[in-house]
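Undergrad: CSV, C-alpha atoms, file entry-v7.csv:
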chain,number,residue,atom,x,y,z
E,1,MET,CA,2.1,-41.2,35.3
E,2,SER,CA,-1.6,-40.9,34.7
E,3,SER,CA,-3.0,-43.0,31.8
E,4,THR,CA,-6.7,-42.8,32.6
E,5,PHE,CA,-9.3,-40.6,31.1
E,6,GLY,CA,-12.9,-40.1,32.1
E,7,THR,CA,-15.0,-40.2,35.3
E,8,VAL,CA,-17.8,-42.8,35.2
E,9,PHE,CA,-17.1,-44.1,31.6
E,10,PHE,CA,-13.3,-44.2,31.7
E,11,VAL,CA,-10.4,-45.7,29.8
E,12,THR,CA,-6.9,-46.6,30.8
E,13,THR,CA,-4.4,-47.0,27.9
E,14,TRP,CA,-1.2,-49.0,28.2
E,15,GLY,CA,1.8,-50.0,26.1
E,16,GLU,CA,4.7,-48.4,24.3
E,17,SER,CA,5.5,-47.9,20.6
E,18,HIS,CA,8.3,-50.5,20.6
E,19,GLY,CA,7.0,-52.8,23.3
E,20,LYS,CA,5.2,-56.1,22.8
E,21,GLY,CA,1.9,-54.4,22.3
E,22,VAL,CA,-0.5,-51.6,23.1
E,23,GLY,CA,-4.1,-51.6,24.3
E,24,ALA,CA,-6.7,-50.3,26.7
E,25,VAL,CA,-9.1,-51.2,29.5
E,26,LEU,CA,-12.5,-49.5,29.3
E,27,GLU,CA,-14.7,-49.4,32.4
E,28,GLY,CA,-18.2,-48.1,33.1
E,29,CYS,CA,-19.8,-49.2,29.9
E,30,PRO,CA,-23.4,-50.4,30.5
E,31,ALA,CA,-24.3,-54.0,29.9
E,32,GLY,CA,-26.1,-55.0,26.7
E,33,LEU,CA,-24.5,-52.7,24.2
E,34,PRO,CA,-24.0,-54.5,20.9
E,35,ILE,CA,-20.3,-54.3,19.8
E,36,THR,CA,-18.0,-56.5,17.8
E,37,GLU,CA,-14.3,-56.8,17.1
E,38,GLU,CA,-15.1,-56.0,13.4
E,39,GLU,CA,-16.5,-52.6,14.4
E,40,ILE,CA,-13.4,-51.8,16.5
E,41,GLN,CA,-11.1,-53.0,13.7
E,42,ALA,CA,-12.8,-50.7,11.2
E,43,ALA,CA,-11.9,-47.7,13.3
E,44,LEU,CA,-8.4,-48.9,13.9
E,45,ASP,CA,-7.9,-49.4,10.1
E,46,ARG,CA,-8.5,-45.7,9.7
E,47,ARG,CA,-5.8,-44.9,12.2
E,48,ARG,CA,-3.2,-47.5,11.3
E,49,PRO,CA,0.2,-46.7,9.6
E,50,GLY,CA,1.0,-47.7,6.0
E,51,GLN,CA,-2.4,-46.8,4.6
E,52,ASN,CA,-0.9,-45.0,1.6
E,53,LYS,CA,2.1,-43.1,0.3
E,54,LEU,CA,1.3,-40.1,2.5
E,55,THR,CA,1.7,-41.9,5.8
E,56,THR,CA,4.5,-43.7,7.6
E,57,PRO,CA,5.5,-47.0,5.9
E,58,ARG,CA,5.6,-48.8,9.2
E,59,ASN,CA,3.6,-52.0,8.3
E,60,GLU,CA,1.3,-52.7,11.2
E,61,LYS,CA,-2.0,-54.6,10.8
E,62,ASP,CA,-3.2,-53.3,14.2
E,63,GLN,CA,-5.3,-56.4,14.7
E,64,VAL,CA,-7.4,-55.9,17.8
E,65,ARG,CA,-8.5,-58.6,20.2
E,66,ILE,CA,-11.3,-58.1,22.8
E,67,MET,CA,-10.1,-60.0,25.8
E,68,SER,CA,-12.9,-59.4,28.2
E,69,GLY,CA,-16.2,-57.5,28.8
E,70,VAL,CA,-18.0,-58.7,25.7
E,71,PHE,CA,-20.0,-61.9,25.4
E,72,GLU,CA,-22.1,-63.1,22.4
E,73,GLY,CA,-21.7,-59.7,20.8
E,74,LYS,CA,-22.8,-57.6,23.7
E,75,THR,CA,-21.1,-55.8,26.6
E,76,THR,CA,-21.4,-57.5,30.0
E,77,GLY,CA,-21.0,-54.4,32.2
E,78,THR,CA,-17.5,-55.5,33.3
E,79,PRO,CA,-14.2,-54.0,32.2
E,80,ILE,CA,-13.6,-54.3,28.4
E,81,SER,CA,-9.9,-55.1,27.6
E,82,PHE,CA,-8.4,-54.5,24.1
E,83,VAL,CA,-5.0,-55.8,22.9
E,84,VAL,CA,-3.1,-55.0,19.7
E,85,GLU,CA,0.3,-56.6,19.3
E,86,ASN,CA,3.2,-54.6,17.8
E,87,GLU,CA,4.6,-56.5,14.8
E,88,ASP,CA,6.8,-54.1,12.8
E,89,GLN,CA,8.9,-52.1,15.3
E,90,HIS,CA,12.5,-51.3,14.2
E,91,SER,CA,14.1,-50.4,17.5
E,92,ASN,CA,17.6,-50.4,16.0
E,93,ASP,CA,16.5,-47.2,14.1
E,94,TYR,CA,16.7,-45.4,17.4
E,95,GLU,CA,20.0,-46.7,18.7
E,96,ASP,CA,21.9,-43.7,17.3
E,97,ILE,CA,19.7,-41.2,19.2
E,98,LYS,CA,20.0,-43.0,22.5
E,99,LYS,CA,22.0,-40.1,24.0
E,100,TRP,CA,20.6,-37.3,21.8
E,101,TYR,CA,17.5,-35.2,22.5
E,102,ARG,CA,15.3,-34.9,19.5
E,103,PRO,CA,14.1,-31.4,18.8
E,104,GLY,CA,10.3,-31.1,19.0
E,105,HIS,CA,10.0,-34.4,21.0
E,106,ALA,CA,9.4,-35.1,24.7
E,107,ASP,CA,12.9,-36.7,25.1
E,108,LEU,CA,14.5,-33.9,27.2
E,109,CYS,CA,11.3,-33.3,29.3
E,110,TYR,CA,11.1,-37.0,30.1
E,111,ASP,CA,14.7,-37.1,31.3
E,112,LEU,CA,14.2,-33.9,33.4
E,113,LYS,CA,11.0,-35.3,34.9
E,114,TYR,CA,11.8,-39.0,35.4
E,115,GLY,CA,15.6,-39.2,35.0
E,116,PHE,CA,14.9,-42.0,32.5
E,117,ARG,CA,13.3,-42.4,29.1
E,118,ASP,CA,12.4,-45.0,26.5
E,119,TYR,CA,14.2,-43.7,23.5
E,120,ARG,CA,12.7,-46.3,21.1
E,121,GLY,CA,10.1,-44.3,19.3
E,122,GLY,CA,9.2,-42.2,22.3
E,123,GLY,CA,7.7,-44.8,24.5
E,124,ARG,CA,4.4,-43.6,26.0
E,125,SER,CA,4.7,-40.2,24.2
E,126,SER,CA,4.4,-42.0,20.9
E,127,ALA,CA,1.1,-41.6,19.0
E,128,ARG,CA,0.9,-45.4,18.9
E,129,GLU,CA,-0.6,-45.0,22.4
E,130,THR,CA,-3.7,-43.7,20.7
E,131,ILE,CA,-4.7,-47.2,19.5
E,132,GLY,CA,-6.3,-47.8,22.9
E,133,ARG,CA,-8.2,-44.5,22.7
E,134,VAL,CA,-9.6,-45.4,19.3
E,135,ALA,CA,-10.7,-48.9,20.4
E,136,ALA,CA,-12.5,-47.5,23.5
E,137,GLY,CA,-13.8,-44.5,21.5
E,138,GLU,CA,-15.6,-46.8,19.1
E,139,VAL,CA,-17.5,-48.3,22.0
E,140,ALA,CA,-18.4,-44.8,23.1
E,141,ARG,CA,-19.5,-43.9,19.6
E,142,LYS,CA,-21.7,-47.0,19.5
E,143,LEU,CA,-23.3,-46.1,22.8
E,144,LEU,CA,-24.0,-42.5,21.7
E,145,LYS,CA,-25.5,-43.7,18.4
E,146,THR,CA,-27.7,-46.2,20.2
E,147,VAL,CA,-29.1,-43.9,22.8
E,148,ASN,CA,-29.3,-40.6,20.9
E,149,GLN,CA,-28.5,-41.2,17.2
E,150,THR,CA,-25.4,-39.0,17.7
E,151,GLU,CA,-23.0,-38.8,14.7
E,152,ILE,CA,-19.3,-37.8,15.0
E,153,LEU,CA,-17.2,-36.9,12.0
E,154,ALA,CA,-13.8,-35.3,11.6
E,155,TRP,CA,-11.8,-34.3,8.5
E,156,VAL,CA,-8.6,-32.5,7.5
E,157,SER,CA,-9.6,-28.9,6.8
E,158,SER,CA,-6.1,-27.4,6.4
E,159,VAL,CA,-2.6,-28.7,5.5
E,160,GLY,CA,0.1,-26.0,5.7
E,161,ASN,CA,-1.4,-22.9,4.0
E,162,ILE,CA,-3.9,-24.9,2.0
E,163,ASP,CA,-7.5,-24.5,3.4
E,164,CYS,CA,-10.6,-26.5,2.5
E,165,PRO,CA,-13.6,-24.3,1.6
E,166,PRO,CA,-16.6,-24.4,4.0
E,167,VAL,CA,-18.5,-27.7,3.7
E,168,ASP,CA,-22.2,-28.4,4.2
E,169,LEU,CA,-22.4,-29.6,7.8
E,170,ASP,CA,-25.8,-31.1,7.2
E,171,THR,CA,-24.7,-33.4,4.4
E,172,ILE,CA,-21.0,-34.1,4.8
E,173,SER,CA,-20.4,-37.9,5.2
E,174,MET,CA,-17.8,-40.3,6.3
E,175,GLU,CA,-17.7,-41.7,2.7
E,176,GLN,CA,-16.7,-38.3,1.3
E,177,ILE,CA,-14.0,-37.9,3.9
E,178,GLU,CA,-12.6,-41.4,3.6
E,179,ALA,CA,-12.6,-41.2,-0.3
E,180,SER,CA,-9.7,-38.7,0.0
E,181,PRO,CA,-6.1,-39.9,0.8
E,182,VAL,CA,-5.7,-36.8,3.0
E,183,ARG,CA,-9.2,-37.0,4.5
E,184,CYS,CA,-10.4,-33.7,3.0
E,185,PRO,CA,-13.9,-33.9,1.5
E,186,ASP,CA,-13.3,-31.3,-1.2
E,187,PRO,CA,-11.6,-33.1,-4.2
E,188,ALA,CA,-9.7,-30.1,-5.6
E,189,THR,CA,-8.3,-29.1,-2.1
E,190,SER,CA,-7.5,-32.8,-1.4
E,191,ALA,CA,-5.3,-32.9,-4.5
E,192,ALA,CA,-3.4,-29.7,-3.5
E,193,MET,CA,-3.0,-31.0,0.1
E,194,GLU,CA,-1.6,-34.3,-1.2
E,195,GLN,CA,1.0,-32.5,-3.2
E,196,GLU,CA,1.9,-30.3,-0.2
E,197,VAL,CA,2.6,-33.4,1.9
E,198,LEU,CA,4.6,-35.1,-0.9
E,199,ASP,CA,6.7,-31.9,-1.3
E,200,ALA,CA,7.4,-31.9,2.5
E,201,ARG,CA,8.5,-35.5,2.4
E,202,LYS,CA,10.7,-35.0,-0.7
E,203,ASN,CA,12.5,-32.2,1.2
E,204,LYS,CA,13.0,-34.4,4.3
E,205,ASP,CA,10.6,-32.1,6.1
E,206,SER,CA,7.1,-32.2,7.5
E,207,VAL,CA,3.9,-30.0,7.5
E,208,GLY,CA,1.2,-29.2,10.0
E,209,GLY,CA,-2.6,-29.3,9.6
E,210,ILE,CA,-6.0,-28.5,11.1
E,211,VAL,CA,-8.7,-31.1,11.8
E,212,THR,CA,-12.4,-30.1,12.1
E,213,LEU,CA,-14.7,-32.0,14.4
E,214,LEU,CA,-18.4,-32.2,13.9
E,215,VAL,CA,-20.9,-33.7,16.3
E,216,ARG,CA,-24.5,-34.0,14.9
E,217,LYS,CA,-27.4,-34.5,17.3
E,218,PRO,CA,-25.3,-34.4,20.5
E,219,PRO,CA,-27.3,-35.2,23.7
E,220,ILE,CA,-28.7,-32.0,25.2
E,221,GLY,CA,-27.6,-30.9,28.7
E,222,LEU,CA,-24.1,-32.4,28.8
E,223,GLY,CA,-21.5,-30.6,30.9
E,224,GLU,CA,-21.3,-29.0,34.3
E,225,PRO,CA,-21.4,-25.2,34.8
E,226,VAL,CA,-18.0,-24.6,36.4
E,227,PHE,CA,-14.9,-26.7,36.1
E,228,ASP,CA,-16.3,-29.6,34.1
E,229,LYS,CA,-17.8,-27.6,31.3
E,230,LEU,CA,-18.3,-29.7,28.1
E,231,ASP,CA,-16.0,-27.4,26.1
E,232,ALA,CA,-13.4,-27.6,28.7
E,233,LYS,CA,-13.4,-31.4,28.8
E,234,LEU,CA,-13.3,-31.5,25.0
E,235,ALA,CA,-10.3,-29.1,25.0
E,236,GLN,CA,-8.5,-31.4,27.6
E,237,ALA,CA,-9.3,-34.4,25.5
E,238,MET,CA,-8.1,-32.9,22.2
E,239,LEU,CA,-5.0,-31.3,23.6
E,240,SER,CA,-4.0,-34.7,25.1
E,241,ILE,CA,-3.6,-36.1,21.6
E,242,PRO,CA,0.0,-36.2,20.5
E,243,ALA,CA,1.0,-33.2,18.4
E,244,CYS,CA,-2.2,-31.3,19.0
E,245,LYS,CA,-1.3,-27.7,19.9
E,246,GLY,CA,-4.5,-25.7,19.5
E,247,PHE,CA,-8.2,-26.0,20.2
E,248,GLU,CA,-11.2,-23.8,19.4
E,249,ILE,CA,-14.9,-24.3,19.5
E,250,GLY,CA,-17.6,-22.5,17.5
E,251,SER,CA,-16.3,-19.1,16.3
E,252,GLY,CA,-13.2,-19.7,18.4
E,253,PHE,CA,-10.5,-17.0,18.2
E,254,SER,CA,-12.5,-15.1,15.6
E,255,ALA,CA,-15.0,-14.2,18.4
E,256,ALA,CA,-12.4,-11.8,19.8
E,257,ARG,CA,-12.8,-9.7,16.6
E,258,MET,CA,-16.6,-9.6,16.7
E,259,ARG,CA,-19.2,-7.4,18.5
E,260,GLY,CA,-21.6,-9.1,20.8
E,261,SER,CA,-24.5,-8.2,18.5
E,262,GLN,CA,-22.7,-10.3,15.8
E,263,HIS,CA,-21.6,-13.2,18.0
E,264,ASN,CA,-24.8,-13.9,20.0
E,265,ASP,CA,-26.8,-16.8,18.5
E,266,THR,CA,-30.5,-15.8,18.2
E,267,ILE,CA,-32.8,-18.3,19.9
E,268,TYR,CA,-36.1,-19.4,18.5
E,269,PHE,CA,-38.8,-22.1,19.1
E,270,ASP,CA,-39.9,-24.2,16.1
E,271,GLY,CA,-43.0,-25.5,17.7
E,272,ARG,CA,-41.2,-28.6,19.2
E,273,GLU,CA,-37.7,-27.6,20.1
E,274,TYR,CA,-35.5,-24.6,20.8
E,275,HIS,CA,-32.8,-23.8,18.3
E,276,THR,CA,-30.4,-21.0,17.4
E,277,LYS,CA,-30.2,-19.3,14.0
E,278,THR,CA,-26.4,-19.3,14.0
E,279,ASN,CA,-23.9,-21.4,15.9
E,280,ASN,CA,-21.1,-19.2,17.0
E,281,ALA,CA,-21.2,-21.0,20.4
E,282,GLY,CA,-20.3,-24.3,18.6
E,283,GLY,CA,-23.1,-26.1,20.4
E,284,VAL,CA,-22.0,-25.3,23.9
E,285,LEU,CA,-23.2,-22.4,26.2
E,286,GLY,CA,-22.2,-22.0,29.8
E,287,GLY,CA,-20.3,-25.3,29.5
E,288,ILE,CA,-23.6,-27.2,28.6
E,289,SER,CA,-24.6,-28.6,25.2
E,290,ASN,CA,-27.7,-27.0,23.7
E,291,GLY,CA,-28.4,-29.6,21.1
E,292,GLU,CA,-26.9,-27.6,18.1
E,293,TYR,CA,-24.0,-29.1,16.2
E,294,ILE,CA,-20.8,-29.2,18.2
E,295,VAL,CA,-18.1,-27.8,15.9
E,296,CYS,CA,-14.4,-27.7,16.9
E,297,ARG,CA,-11.1,-27.2,15.2
E,298,LEU,CA,-7.8,-28.7,16.3
E,299,ALA,CA,-4.3,-27.6,15.2
E,300,PHE,CA,-1.7,-30.3,14.7
E,301,LYS,CA,2.0,-29.3,14.6
E,302,PRO,CA,4.3,-30.6,11.9
E,303,THR,CA,5.8,-34.0,12.6
E,304,ALA,CA,8.8,-33.5,15.0
E,305,THR,CA,11.0,-36.2,13.5
E,306,LEU,CA,12.9,-34.9,10.4
E,307,LEU,CA,15.2,-36.8,8.1
E,308,GLN,CA,17.5,-33.7,7.9
E,309,ALA,CA,20.2,-32.5,10.3
E,310,GLN,CA,19.0,-30.5,13.3
E,311,ASP,CA,21.1,-28.9,16.0
E,312,THR,CA,20.5,-30.4,19.4
E,313,ALA,CA,22.2,-31.5,22.7
E,314,SER,CA,23.0,-34.9,24.3
E,315,ASN,CA,22.3,-36.2,27.8
E,316,ASN,CA,25.9,-35.6,28.7
E,317,GLY,CA,25.9,-31.9,27.8
E,318,GLU,CA,27.4,-32.2,24.3
E,319,ASN,CA,26.1,-30.0,21.6
E,320,GLY,CA,25.9,-31.4,18.1
E,321,GLN,CA,23.6,-32.4,15.2
E,322,LEU,CA,21.1,-35.2,14.8
E,323,SER,CA,19.7,-36.7,11.6
E,324,ALA,CA,16.9,-39.0,12.6
E,325,LYS,CA,16.2,-42.4,11.1
E,326,GLY,CA,13.0,-44.4,11.2
E,327,ARG,CA,9.6,-44.3,9.5
E,328,HIS,CA,7.4,-41.3,10.1
E,329,ASP,CA,4.4,-39.4,8.9
E,330,PRO,CA,5.2,-36.2,7.0
E,331,CYS,CA,1.9,-34.8,8.2
E,332,VAL,CA,0.4,-36.3,11.4
E,333,ALA,CA,-3.0,-34.6,10.9
E,334,LEU,CA,-3.9,-37.1,8.1
E,335,ARG,CA,-4.3,-39.9,10.5
E,336,ALA,CA,-5.7,-37.8,13.3
E,337,PRO,CA,-9.5,-37.6,12.4
E,338,VAL,CA,-10.4,-40.9,13.9
E,339,ILE,CA,-8.5,-40.2,17.1
E,340,VAL,CA,-10.3,-36.8,17.3
E,341,GLU,CA,-13.6,-38.6,16.8
E,342,SER,CA,-12.7,-41.1,19.5
E,343,MET,CA,-11.8,-38.6,22.1
E,344,ALA,CA,-15.0,-36.6,21.4
E,345,ALA,CA,-17.0,-39.8,21.8
E,346,LEU,CA,-15.3,-40.7,25.1
E,347,VAL,CA,-16.1,-37.2,26.5
E,348,LEU,CA,-19.7,-37.2,25.4
E,349,ALA,CA,-20.4,-40.8,26.6
E,350,ASP,CA,-18.9,-40.1,30.0
E,351,MET,CA,-20.9,-36.9,30.4
E,352,TYR,CA,-24.0,-38.6,29.1
E,353,LEU,CA,-23.8,-41.3,31.7
E,354,GLN,CA,-23.1,-38.7,34.4
E,355,GLN,CA,-26.2,-36.7,33.3
E,356,LYS,CA,-28.3,-39.9,33.5
E,357,ARG,CA,-27.0,-40.4,37.0
E,358,ASN,CA,-27.5,-36.8,38.2
E,359,CYS,CA,-31.0,-36.1,36.7
E,360,LEU,CA,-34.3,-38.0,36.7
Would you mind giving the structure from this file in C-alpha cells?
TA:
Amino acid sequence: MSSTFGTVFFVTTWGESHGKGVGAVLEGCPAGLPITEEEIQAALDRRRPGQNKLTTPRNEKDQVRIMSGVFEGKTTGTPISFVVENEDQHSNDYEDIKKWYRPGHADLCYDLKYGFRDYRGGGRSSARETIGRVAAGEVARKLLKTVNQTEILAWVSSVGNIDCPPVDLDTISMEQIEASPVRCPDPATSAAMEQEVLDARKNKDSVGGIVTLLVRKPPIGLGEPVFDKLDAKLAQAMLSIPACKGFEIGSGFSAARMRGSQHNDTIYFDGREYHTKTNNAGGVLGGISNGEYIVCRLAFKPTATLLQAQDTASNNGENGQLSAKGRHDPCVALRAPVIVESMAALVLADMYLQQKRNCL
C-alpha cells in the first residue's frame, strides 16, 4: 500500500482515523528553511474538525509535534517527522457496521483487495490521513514563498447548486476566505451556502461542493513535457484527496465547447517578461508552467456517511439496510481548501527542486 507522494521532495503519511495518532515524514527539504510548529499548527487549525456548526463535531485539537528535522527554527536537511495524536475517536460508533459495507465508502473495495479492513472510521481511507499532507504541505508552501514569493489560495466556489460569482484573482485574500464559515469569499453566496449545508444536515443528508485553487506567481518552467506534466501531477495530487471526484485546469471542460481562435491565449512581451492576455491554459502549456496564475477546480462528492437508512450488503452475503452512526461533515468541501493548497504546494515544491537539479 503506497503512502508516499513526490520524487525529490516527498512525503510519507501514516496512521489511521481511530489509531493512536497520524502523521508524516517529509524528506528532501533543503537545510536552512525557517519553519516552526506554530506555522504548521495554523494550517492544521484550518483543517481540523469541530470548527463550527457546519463541520463534524468530533473534537480534536490536532496538536502537532515536530519530532525531527528542525533545529533552532530551521530545517536541518534531514527527514522532518510530524506527529498528531488522536484524542476523540469513538470507535464504538462503528461496531454495528463491522459486517456491513457502507455505500459510497471504500469498505467493499478494501475487502475485495486485501481480504481485511479497518472498519473504524475507514482506517487509511479516512480523510484524517490528510493531516500529514497539510503538515508537510505547509513546509512546501514556506519553501515556495521563500524562493519565489509564490502564493497559494483555495476557496469553496460551489455548494450543491449554489455558485460563487467570479472573484478578482489579483486581490482575493486568505482573510476574505477564512472570514466565511463555508470558506466562500462572497458574503451573500456564503450565507446561501451555509443554509444549504444546514438543510442537508437537518435532512440527515449531505451535499457536494467545488473548490477553486489559485497559485499566484508560480515558478516558471515547472513540469516535464511527457508523463510528468505539471497539470498531470496536479491532477494526481488532487484526485488523491478523499472525496475528490473531478479536476480541471484553466478553461477545463468548457474548452471542449470553444473554437481554437477563442481558446488560444495571445502572447505578448511587456518589455521585461512574456505574458498572455487571457489564461484559458490555467498557467500550464505543454505540461510546463508559463508564469501565469495556475487556476484549477476540484469537485468533491457529498459525504458518503448518511444518518438515514441505505440499502447495502454484508460481508457474509446478506442484503439489508444500514443507518450509520458517528460524527461526520455534511459537506466535506468546507474543510478541503487547506488540503488542496497543501497538495498543490507539495507538487510545486517537488518540481521546483527537480528543475533546480536539472537546469543550470
Undergrad: Find the residues around Asn315 (chain E) up to 10 Å (only C-alpha atoms counted), leave out those fewer than 6 positions away in its own chain, and share them as a PyMOL selection string.
TA: chain E and resi 98-101+107-108+111
Undergrad: Just to confirm, what's the straight-line distance from CA of Asp350 (chain E) to CA of Gly250 (chain E) in Å (one decimal)?
TA: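 Computed distance, CA of Asp350 (chain E) to CA of Gly250 (chain E), equals 21.6 Å.
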Undergrad: Set out as JSON lines a contact list for region 114-215 of chain E and region 237-249 of chain E with a cut-off of 10 Å, giving each residue of region 114-215 of chain E that qualifies its closest atom pair and distance in Å to one decimal, counting all atoms listed in the file, ordered by chain and rising residue number.
TA:
{"residue": "E:Ser125", "atom": "CA", "partner": "E:Pro242", "partner_atom": "CA", "distance": 7.2}
{"residue": "E:Ser126", "atom": "CA", "partner": "E:Pro242", "partner_atom": "CA", "distance": 7.3}
{"residue": "E:Ala127", "atom": "CA", "partner": "E:Pro242", "partner_atom": "CA", "distance": 5.7}
{"residue": "E:Arg128", "atom": "CA", "partner": "E:Pro242", "partner_atom": "CA", "distance": 9.4}
{"residue": "E:Glu129", "atom": "CA", "partner": "E:Pro242", "partner_atom": "CA", "distance": 9.0}
{"residue": "E:Thr130", "atom": "CA", "partner": "E:Ile241", "partner_atom": "CA", "distance": 7.7}
{"residue": "E:Arg133", "atom": "CA", "partner": "E:Ile241", "partner_atom": "CA", "distance": 9.6}
{"residue": "E:Gly208", "atom": "CA", "partner": "E:Ala243", "partner_atom": "CA", "distance": 9.3}
{"residue": "E:Gly209", "atom": "CA", "partner": "E:Cys244", "partner_atom": "CA", "distance": 9.6}
{"residue": "E:Ile210", "atom": "CA", "partner": "E:Gly246", "partner_atom": "CA", "distance": 9.0}
{"residue": "E:Val211", "atom": "CA", "partner": "E:Cys244", "partner_atom": "CA", "distance": 9.7}
{"residue": "E:Thr212", "atom": "CA", "partner": "E:Glu248", "partner_atom": "CA", "distance": 9.7}
{"residue": "E:Leu213", "atom": "CA", "partner": "E:Ile249", "partner_atom": "CA", "distance": 9.2}
Undergrad: Take the residues from that selection and put them in a file with C-alpha atoms, as a short mmCIF file (atom, residue, chain, number, x, y, z; two decimals), in the coordinates of the input.
TA:
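Written out: selection_3.cif:
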data_model
loop_
_atom_site.label_atom_id
_atom_site.label_comp_id
_atom_site.auth_asym_id
_atom_site.auth_seq_id
_atom_site.Cartn_x
_atom_site.Cartn_y
_atom_site.Cartn_z
CA SER E 125 4.70 -40.20 24.20
CA SER E 126 4.40 -42.00 20.90
CA ALA E 127 1.10 -41.60 19.00
CA ARG E 128 0.90 -45.40 18.90
CA GLU E 129 -0.60 -45.00 22.40
CA THR E 130 -3.70 -43.70 20.70
CA ARG E 133 -8.20 -44.50 22.70
CA GLY E 208 1.20 -29.20 10.00
CA GLY E 209 -2.60 -29.30 9.60
CA ILE E 210 -6.00 -28.50 11.10
CA VAL E 211 -8.70 -31.10 11.80
CA THR E 212 -12.40 -30.10 12.10
CA LEU E 213 -14.70 -32.00 14.40
#
Undergrad: Please measure the separation of CA of Lys74 (chain E) and CA of Gly28 (chain E), giving the value in Å to one decimal.
TA: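 Rounded to one decimal, the two atoms are 14.1 Å apart.
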Undergrad: Please measure the separation of CA of Gln63 (chain E) and CA of Val25 (chain E), giving the value in Å to one decimal.
TA: 16.1 Å
Undergrad: Please write as an MDAnalysis selection string the list of polymer residues whose atoms come within 12 Å of (-20.8, -16.2, 19.1), counting all atoms listed in the file and keeping to the coordinates of the file.
TA: chainID E and resid 249:266 276:285
Undergrad: Given the selection you just returned, output its residues as a file containing C-alpha atoms, formatted as a JSON list (two decimals), in the frame of the given file.
TA:
[["chain", "number", "residue", "atom", "x", "y", "z"],
["E", 249, "ILE", "CA", -14.90, -24.30, 19.50],
["E", 250, "GLY", "CA", -17.60, -22.50, 17.50],
["E", 251, "SER", "CA", -16.30, -19.10, 16.30],
["E", 252, "GLY", "CA", -13.20, -19.70, 18.40],
["E", 253, "PHE", "CA", -10.50, -17.00, 18.20],
["E", 254, "SER", "CA", -12.50, -15.10, 15.60],
["E", 255, "ALA", "CA", -15.00, -14.20, 18.40],
["E", 256, "ALA", "CA", -12.40, -11.80, 19.80],
["E", 257, "ARG", "CA", -12.80, -9.70, 16.60],
["E", 258, "MET", "CA", -16.60, -9.60, 16.70],
["E", 259, "ARG", "CA", -19.20, -7.40, 18.50],
["E", 260, "GLY", "CA", -21.60, -9.10, 20.80],
["E", 261, "SER", "CA", -24.50, -8.20, 18.50],
["E", 262, "GLN", "CA", -22.70, -10.30, 15.80],
["E", 263, "HIS", "CA", -21.60, -13.20, 18.00],
["E", 264, "ASN", "CA", -24.80, -13.90, 20.00],
["E", 265, "ASP", "CA", -26.80, -16.80, 18.50],
["E", 266, "THR", "CA", -30.50, -15.80, 18.20],
["E", 276, "THR", "CA", -30.40, -21.00, 17.40],
["E", 277, "LYS", "CA", -30.20, -19.30, 14.00],
["E", 278, "THR", "CA", -26.40, -19.30, 14.00],
["E", 279, "ASN", "CA", -23.90, -21.40, 15.90],
["E", 280, "ASN", "CA", -21.10, -19.20, 17.00],
["E", 281, "ALA", "CA", -21.20, -21.00, 20.40],
["E", 282, "GLY", "CA", -20.30, -24.30, 18.60],
["E", 283, "GLY", "CA", -23.10, -26.10, 20.40],
["E", 284, "VAL", "CA", -22.00, -25.30, 23.90],
["E", 285, "LEU", "CA", -23.20, -22.40, 26.20]]
Undergrad: Using all atoms listed in the file, which residue out of E:Val156, E:Cys184, E:Asp205, E:Glu292 lies closest to Pro218 (chain E)?
TA: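 So, comparing all the options, the nearest one is E:Glu292.
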Undergrad: Which one is closest to Ile66 (chain E): E:Pro181, E:Pro79, E:Gly6, E:Gly15? Count all atoms listed in the file.
TA: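 Closest to Ile66 (chain E) of all the choices is E:Pro79.
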Undergrad: List as a VMD selection string the residues having at least one atom at most 7 Å from position (7.9, -48.2, 25.2) as given in the file, counting all atoms listed in the file.
TA: chain E and resid 15 to 19 118 120 122 to 124
Undergrad: Between E:Leu353, E:Ala333, E:Ala200, E:Cys359, which one has atoms that come closest to Leu307 (chain E), using all atoms listed in the file?
TA: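 Answer, going by the shortest atom-to-atom distance: E:Ala200.
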Undergrad: Which is closest to Leu153 (chain E) among E:Gly104, E:Pro225, E:Gly271, E:Pro185, if we use only C-alpha atoms?
TA: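 Counting only C-alpha atoms, the residue closest to Leu153 (chain E) is E:Pro185.
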Undergrad: Excluding region 318-324 of chain E and its own-chain neighbours fewer than 5 positions away, which residues fall within 6 Å of it when counting only C-alpha atoms? Please give them as number ranges by chain.
TA: E: 307-313
Undergrad: Which is closest to Ile152 (chain E) among E:Ala188, E:Val207, E:Ala336, E:Leu214, if we use all atoms listed in the file?
TA: E:Leu214
Undergrad: Go through E:Thr305, E:Val83, E:Ser158, E:Thr7 and flag the residue nearest Asp228 (chain E), using all atoms listed in the file for the distances.
TA: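 Ranked by minimum distance to Asp228 (chain E), first place goes to E:Thr7.
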Undergrad: Report as a list in words all protein, DNA and RNA residues lying within 10 Å of Arg65 (chain E), evaluated on all atoms listed in the file, omitting residues in the same chain fewer than 3 positions from it.
TA: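 Near neighbours after the sequence-gap exclusion: Gly23, Glu37, Glu38, Ile40, Gln41, Asp62, Ser68, Ser81, Phe82, Val83, Val84, Glu85 and Ala135 of chain E.
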Undergrad: Just the selected residues (C-alpha atoms), exported as a PDB file, in the frame of the given file, please.
TA:
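The resulting part_24.pdb:
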ATOM      1  CA  GLY E  23      -4.100 -51.600  24.300  1.00  0.00           C
ATOM      2  CA  GLU E  37     -14.300 -56.800  17.100  1.00  0.00           C
ATOM      3  CA  GLU E  38     -15.100 -56.000  13.400  1.00  0.00           C
ATOM      4  CA  ILE E  40     -13.400 -51.800  16.500  1.00  0.00           C
ATOM      5  CA  GLN E  41     -11.100 -53.000  13.700  1.00  0.00           C
ATOM      6  CA  ASP E  62      -3.200 -53.300  14.200  1.00  0.00           C
ATOM      7  CA  SER E  68     -12.900 -59.400  28.200  1.00  0.00           C
ATOM      8  CA  SER E  81      -9.900 -55.100  27.600  1.00  0.00           C
ATOM      9  CA  PHE E  82      -8.400 -54.500  24.100  1.00  0.00           C
ATOM     10  CA  VAL E  83      -5.000 -55.800  22.900  1.00  0.00           C
ATOM     11  CA  VAL E  84      -3.100 -55.000  19.700  1.00  0.00           C
ATOM     12  CA  GLU E  85       0.300 -56.600  19.300  1.00  0.00           C
ATOM     13  CA  ALA E 135     -10.700 -48.900  20.400  1.00  0.00           C
TER      14      ALA E 135
END
Undergrad: If you count all atoms listed in the file, which residues fall within 12 Å of Arg201 (chain E), apart from same-chain ones fewer than 5 positions away, as JSON, numbers by chain?
TA: {"E": [53, 54, 55, 56, 194, 195, 196, 206, 207, 302, 303, 305, 306, 307, 308, 327, 328, 329, 330, 331]}
